[in-house]
file coords_30.pdb (PDB, C-alpha atoms)
ATOM      1  CA  ARG X   1      24.142   0.763-280.226
ATOM      2  CA  LEU X   2      25.727   2.697-283.040
ATOM      3  CA  SER X   3      24.283   6.149-283.535
ATOM      4  CA  SER X   4      23.748   7.732-286.891
ATOM      5  CA  ARG X   5      25.948  10.610-287.928
ATOM      6  CA  PRO X   6      24.713  13.911-286.457
ATOM      7  CA  ARG X   7      22.881  16.113-288.908
ATOM      8  CA  VAL X   8      24.678  19.234-290.005
ATOM      9  CA  SER X   9      22.900  22.485-290.586
ATOM     10  CA  THR X  10      24.168  25.930-291.397
ATOM     11  CA  MET X  11      22.936  28.708-289.173
ATOM     12  CA  ALA X  12      23.542  32.417-289.375
ATOM     13  CA  CYS X  13      24.431  33.650-285.911
ATOM     14  CA  ALA X  14      22.482  36.818-285.196
ATOM     15  CA  ALA X  15      22.257  38.169-281.672
ATOM     16  CA  GLY X  16      18.799  38.514-280.188
ATOM     17  CA  SER X  17      17.616  41.170-277.759
ATOM     18  CA  HIS X  18      17.616  39.615-274.303
ATOM     19  CA  ALA X  19      18.252  41.134-270.890
ATOM     20  CA  THR X  20      19.997  39.506-267.936
ATOM     21  CA  LYS X  21      18.232  38.741-264.639
ATOM     22  CA  GLY X  22      19.716  36.579-261.891
ATOM     23  CA  GLY X  23      22.318  34.984-264.181
ATOM     24  CA  ALA X  24      19.759  34.097-266.835
ATOM     25  CA  GLU X  25      18.996  35.667-270.168
ATOM     26  CA  VAL X  26      15.384  36.770-270.325
ATOM     27  CA  GLY X  27      13.459  38.360-273.159
ATOM     28  CA  MET X  28      10.092  38.554-274.843
ATOM     29  CA  ALA X  29      10.361  35.085-276.378
ATOM     30  CA  ALA X  30      12.677  32.110-276.100
ATOM     31  CA  PRO X  31      15.609  32.496-278.480
ATOM     32  CA  ASN X  32      15.720  30.323-281.572
ATOM     33  CA  ASN X  33      18.761  28.109-282.257
ATOM     34  CA  GLU X  34      20.599  30.824-284.203
ATOM     35  CA  GLU X  35      20.143  33.297-281.343
ATOM     36  CA  LEU X  36      21.173  30.658-278.811
ATOM     37  CA  MET X  37      24.415  30.045-280.726
ATOM     38  CA  ALA X  38      25.035  33.803-280.886
ATOM     39  CA  MET X  39      24.687  33.882-277.097
ATOM     40  CA  ALA X  40      27.239  31.060-276.754
ATOM     41  CA  LEU X  41      29.663  32.944-279.017
ATOM     42  CA  LYS X  42      29.170  36.098-276.935
ATOM     43  CA  ALA X  43      29.693  34.143-273.692
ATOM     44  CA  ALA X  44      33.045  32.867-275.020
ATOM     45  CA  GLU X  45      34.301  36.466-275.091
ATOM     46  CA  GLY X  46      34.199  36.471-271.274
ATOM     47  CA  ALA X  47      36.317  33.337-270.831
ATOM     48  CA  TYR X  48      39.245  33.384-268.410
ATOM     49  CA  CYS X  49      41.822  31.174-270.134
ATOM     50  CA  PRO X  50      45.356  32.550-269.678
ATOM     51  CA  TYR X  51      46.914  29.067-270.092
ATOM     52  CA  SER X  52      45.176  27.599-273.136
ATOM     53  CA  ASN X  53      43.936  30.794-274.818
ATOM     54  CA  PHE X  54      40.960  28.643-275.898
ATOM     55  CA  ARG X  55      37.799  30.706-275.264
ATOM     56  CA  VAL X  56      34.619  28.630-275.061
ATOM     57  CA  GLY X  57      31.054  29.729-274.408
ATOM     58  CA  ALA X  58      27.826  27.834-273.815
ATOM     59  CA  ALA X  59      24.179  28.833-273.785
ATOM     60  CA  ILE X  60      21.435  26.599-272.381
ATOM     61  CA  ARG X  61      17.764  27.084-273.270
ATOM     62  CA  THR X  62      15.578  25.478-270.600
ATOM     63  CA  SER X  63      12.194  23.906-271.208
ATOM     64  CA  ASP X  64      10.493  27.194-270.276
ATOM     65  CA  GLY X  65      12.720  29.246-272.616
ATOM     66  CA  THR X  66      15.050  30.726-269.983
ATOM     67  CA  VAL X  67      18.672  30.910-271.147
ATOM     68  CA  TYR X  68      21.780  30.444-269.006
ATOM     69  CA  THR X  69      25.222  31.238-270.404
ATOM     70  CA  GLY X  70      28.673  30.259-269.237
ATOM     71  CA  CYS X  71      32.310  30.437-270.246
ATOM     72  CA  ASN X  72      35.389  28.411-269.377
ATOM     73  CA  VAL X  73      37.396  29.510-266.346
ATOM     74  CA  GLU X  74      40.932  28.152-266.023
ATOM     75  CA  ASN X  75      43.119  27.878-262.945
ATOM     76  CA  ALA X  76      46.864  27.544-262.395
ATOM     77  CA  SER X  77      46.011  24.177-260.836
ATOM     78  CA  TYR X  78      44.703  22.757-264.127
ATOM     79  CA  GLY X  79      42.338  20.221-262.560
ATOM     80  CA  LEU X  80      40.328  23.046-261.003
ATOM     81  CA  ALA X  81      39.384  24.592-264.356
ATOM     82  CA  ILE X  82      35.698  24.510-265.322
ATOM     83  CA  CYS X  83      34.370  24.286-268.857
ATOM     84  CA  ALA X  84      31.756  26.619-270.332
ATOM     85  CA  GLU X  85      29.108  23.892-270.464
ATOM     86  CA  ARG X  86      29.446  23.050-266.780
ATOM     87  CA  THR X  87      29.498  26.750-265.822
ATOM     88  CA  ALA X  88      26.155  27.257-267.605
ATOM     89  CA  LEU X  89      24.714  24.064-266.110
ATOM     90  CA  VAL X  90      25.681  25.070-262.565
ATOM     91  CA  LYS X  91      24.115  28.513-263.067
ATOM     92  CA  MET X  92      20.955  26.850-264.377
ATOM     93  CA  VAL X  93      20.616  24.389-261.487
ATOM     94  CA  SER X  94      21.471  26.969-258.821
ATOM     95  CA  SER X  95      18.658  29.123-260.241
ATOM     96  CA  GLY X  96      16.118  26.321-259.885
ATOM     97  CA  HIS X  97      15.938  24.914-263.414
ATOM     98  CA  LYS X  98      16.656  21.288-264.313
ATOM     99  CA  GLU X  99      14.904  20.663-267.657
ATOM    100  CA  ILE X 100      16.985  21.468-270.734
ATOM    101  CA  ASP X 101      15.725  21.929-274.263
ATOM    102  CA  THR X 102      19.013  22.743-276.040
ATOM    103  CA  ILE X 103      22.622  23.667-275.305
ATOM    104  CA  ALA X 104      24.807  25.577-277.781
ATOM    105  CA  VAL X 105      28.605  25.335-277.509
ATOM    106  CA  ALA X 106      31.055  27.638-279.290
ATOM    107  CA  CYS X 107      34.789  28.269-279.258
ATOM    108  CA  ILE X 108      35.983  31.507-280.832
ATOM    109  CA  ASP X 109      39.589  30.279-281.077
ATOM    110  CA  LEU X 110      39.093  27.129-283.167
ATOM    111  CA  PRO X 111      41.682  26.114-285.748
ATOM    112  CA  ASP X 112      40.497  25.699-289.350
ATOM    113  CA  ASP X 113      37.914  22.959-289.976
ATOM    114  CA  ALA X 114      37.348  22.316-286.261
ATOM    115  CA  ILE X 115      34.179  21.818-284.211
ATOM    116  CA  SER X 116      33.309  22.971-280.680
ATOM    117  CA  SER X 117      32.570  19.560-279.211
ATOM    118  CA  PRO X 118      32.023  19.117-275.453
ATOM    119  CA  CYS X 119      34.759  17.238-273.583
ATOM    120  CA  GLY X 120      34.039  13.880-271.949
ATOM    121  CA  ALA X 121      33.469  15.376-268.490
ATOM    122  CA  CYS X 122      30.942  17.852-269.906
ATOM    123  CA  ARG X 123      29.172  15.084-271.828
ATOM    124  CA  GLN X 124      28.765  13.103-268.595
ATOM    125  CA  PHE X 125      27.666  16.224-266.708
ATOM    126  CA  MET X 126      25.056  16.987-269.406
ATOM    127  CA  ALA X 127      23.782  13.384-269.344
ATOM    128  CA  GLU X 128      22.712  13.927-265.728
ATOM    129  CA  PHE X 129      19.926  16.168-267.036
ATOM    130  CA  GLY X 130      18.469  13.818-269.652
ATOM    131  CA  GLN X 131      18.143  13.828-273.403
ATOM    132  CA  PHE X 132      18.327  17.149-275.242
ATOM    133  CA  SER X 133      19.775  18.806-278.328
ATOM    134  CA  VAL X 134      23.432  19.845-278.490
ATOM    135  CA  LEU X 135      24.460  22.483-281.055
ATOM    136  CA  MET X 136      28.200  22.646-281.824
ATOM    137  CA  HIS X 137      29.803  25.579-283.642
ATOM    138  CA  HIS X 138      32.346  25.059-286.442
ATOM    139  CA  THR X 139      35.013  27.335-287.817
ATOM    140  CA  GLY X 140      33.303  29.377-290.517
ATOM    141  CA  GLY X 141      29.909  29.439-288.797
ATOM    142  CA  LYS X 142      28.423  26.021-289.584
ATOM    143  CA  VAL X 143      26.623  24.258-286.750
ATOM    144  CA  THR X 144      26.326  20.524-286.101
ATOM    145  CA  ALA X 145      23.203  19.433-284.255
ATOM    146  CA  SER X 146      23.395  16.278-282.147
ATOM    147  CA  THR X 147      21.981  14.884-278.910
ATOM    148  CA  VAL X 148      23.414  13.956-275.535
ATOM    149  CA  ASP X 149      22.804  10.248-276.275
ATOM    150  CA  ASP X 150      24.668  10.493-279.589
ATOM    151  CA  LEU X 151      27.636  12.178-277.866
ATOM    152  CA  LEU X 152      27.691   9.738-274.916
ATOM    153  CA  PRO X 153      25.596   6.659-275.744
ATOM    154  CA  TYR X 154      26.349   4.647-272.600
ATOM    155  CA  ALA X 155      26.330   7.432-270.035
ATOM    156  CA  PHE X 156      26.217   6.784-266.311
ATOM    157  CA  ARG X 157      22.841   8.304-265.369
ATOM    158  CA  PRO X 158      20.710   8.737-262.255
ATOM    159  CA  ASP X 159      18.718   5.617-263.224
ATOM    160  CA  SER X 160      21.979   3.605-263.192
ATOM    161  CA  PHE X 161      21.657   3.260-259.411
ATOM    162  CA  LYS X 162      19.702   0.423-257.824
ATOM    163  CA  LYS X 163      16.494   1.616-256.236
TER     164      LYS X 163
END
call {"tool": "encode", "arguments": {"input": "coords_30.pdb", "output": "structure tokens"}}
result
Amino acid sequence: RLSSRPRVSTMACAAGSHATKGGAEVGMAAPNNEELMAMALKAAEGAYCPYSNFRVGAAIRTSDGTVYTGCNVENASYGLAICAERTALVKMVSSGHKEIDTIAVACIDLPDDAISSPCGACRQFMAEFGQFSVLMHHTGGKVTASTVDDLLPYAFRPDSFKK
């Protein structure tokens, strides 16, 4: 199936007031999409990327409003690097959550007119957890909203196995 072009919206990224507990961001209320993107941008500041100098952050809002953040961590053995999206997903799962509402992805080192789009491995990893919104940061602050199915329409999923 061909998917329609993702909708584009402009969001102002303002940081919300959330505390950290057990690897998750917690606060009075679940962050809105603008606050979630601000958390992804903040997470990118912690990236360990001495080889690519490409700092990426991700923030996942679960179905109950808990937020997990992650950044990319590179390794001299390139295949052992982990992307921001997968870092956040692993933190989420290891804390007992599996239902995602939205993930925001941001790179603070994008060239002009670029978008922070998850790589193929991250798209497949996200597809494991179902259908949810994916917010991708652009140079200049615009945000493109899409879905996991739009980013990877024929994903290999848990229901791909014979029962």
call {"tool": "resolve_selection", "arguments": {"input": "coords_30.pdb", "expression": "the PyMOL selection byres ((chain X and resi 39-52) around 7)", "output": "PyMOL selection string"}}
result
chain X and resi 15+35-38+53-59+69-74+104-108
call {"tool": "atom_distance", "arguments": {"input": "coords_30.pdb", "atom1": "CA of Thr62 (chain X)", "atom2": "CA of Ser95 (chain X)"}}
result
11.4 Å
call {"tool": "residues_around", "arguments": {"input": "coords_30.pdb", "residues": "His137 (chain X)", "least_positions_apart": "5", "cutoff": "7 Å", "atoms": "only C-alpha atoms", "output": "ChimeraX atom specification"}}
result
/X:105-106,115-116,142-144
call {"tool": "closest_residue", "arguments": {"input": "coords_30.pdb", "among": "X:Leu135, X:Ala84, X:Val148, X:Ile100", "to": "Arg123 (chain X)", "atoms": "only C-alpha atoms"}}
result
X:Val148
call {"tool": "closest_residue", "arguments": {"input": "coords_30.pdb", "among": "X:Leu110, X:Val93, X:Ser77, X:Ala145", "to": "Ser133 (chain X)", "atoms": "only C-alpha atoms"}}
result
X:Ala145
call {"tool": "residues_around", "arguments": {"input": "coords_30.pdb", "residues": "Pro158 (chain X)", "least_positions_apart": "3", "cutoff": "12 Å", "atoms": "all atoms listed in the file", "output": "ChimeraX atom specification"}}
result
/X:124-130,155,161-163
call {"tool": "atom_distance", "arguments": {"input": "coords_30.pdb", "atom1": "CA of Gly141 (chain X)", "atom2": "CA of Tyr78 (chain X)"}}
result
29.5 Å
call {"tool": "resolve_selection", "arguments": {"input": "coords_30.pdb", "expression": "the PyMOL selection byres ((chain X and resi 152) around 12)", "output": "JSON, numbers by chain"}}
result
{"X": [1, 2, 3, 117, 118, 119, 120, 121, 122, 123, 124, 125, 126, 127, 128, 130, 131, 132, 134, 146, 147, 148, 149, 150, 151, 153, 154, 155, 156, 157]}
call {"tool": "atom_distance", "arguments": {"input": "coords_30.pdb", "atom1": "CA of Val67 (chain X)", "atom2": "CA of Cys83 (chain X)"}}
result
17.2 Å
call {"tool": "closest_residue", "arguments": {"input": "coords_30.pdb", "among": "X:Lys91, X:Arg86, X:Arg61, X:His97", "to": "Glu34 (chain X)", "atoms": "all atoms listed in the file"}}
result
X:Arg61
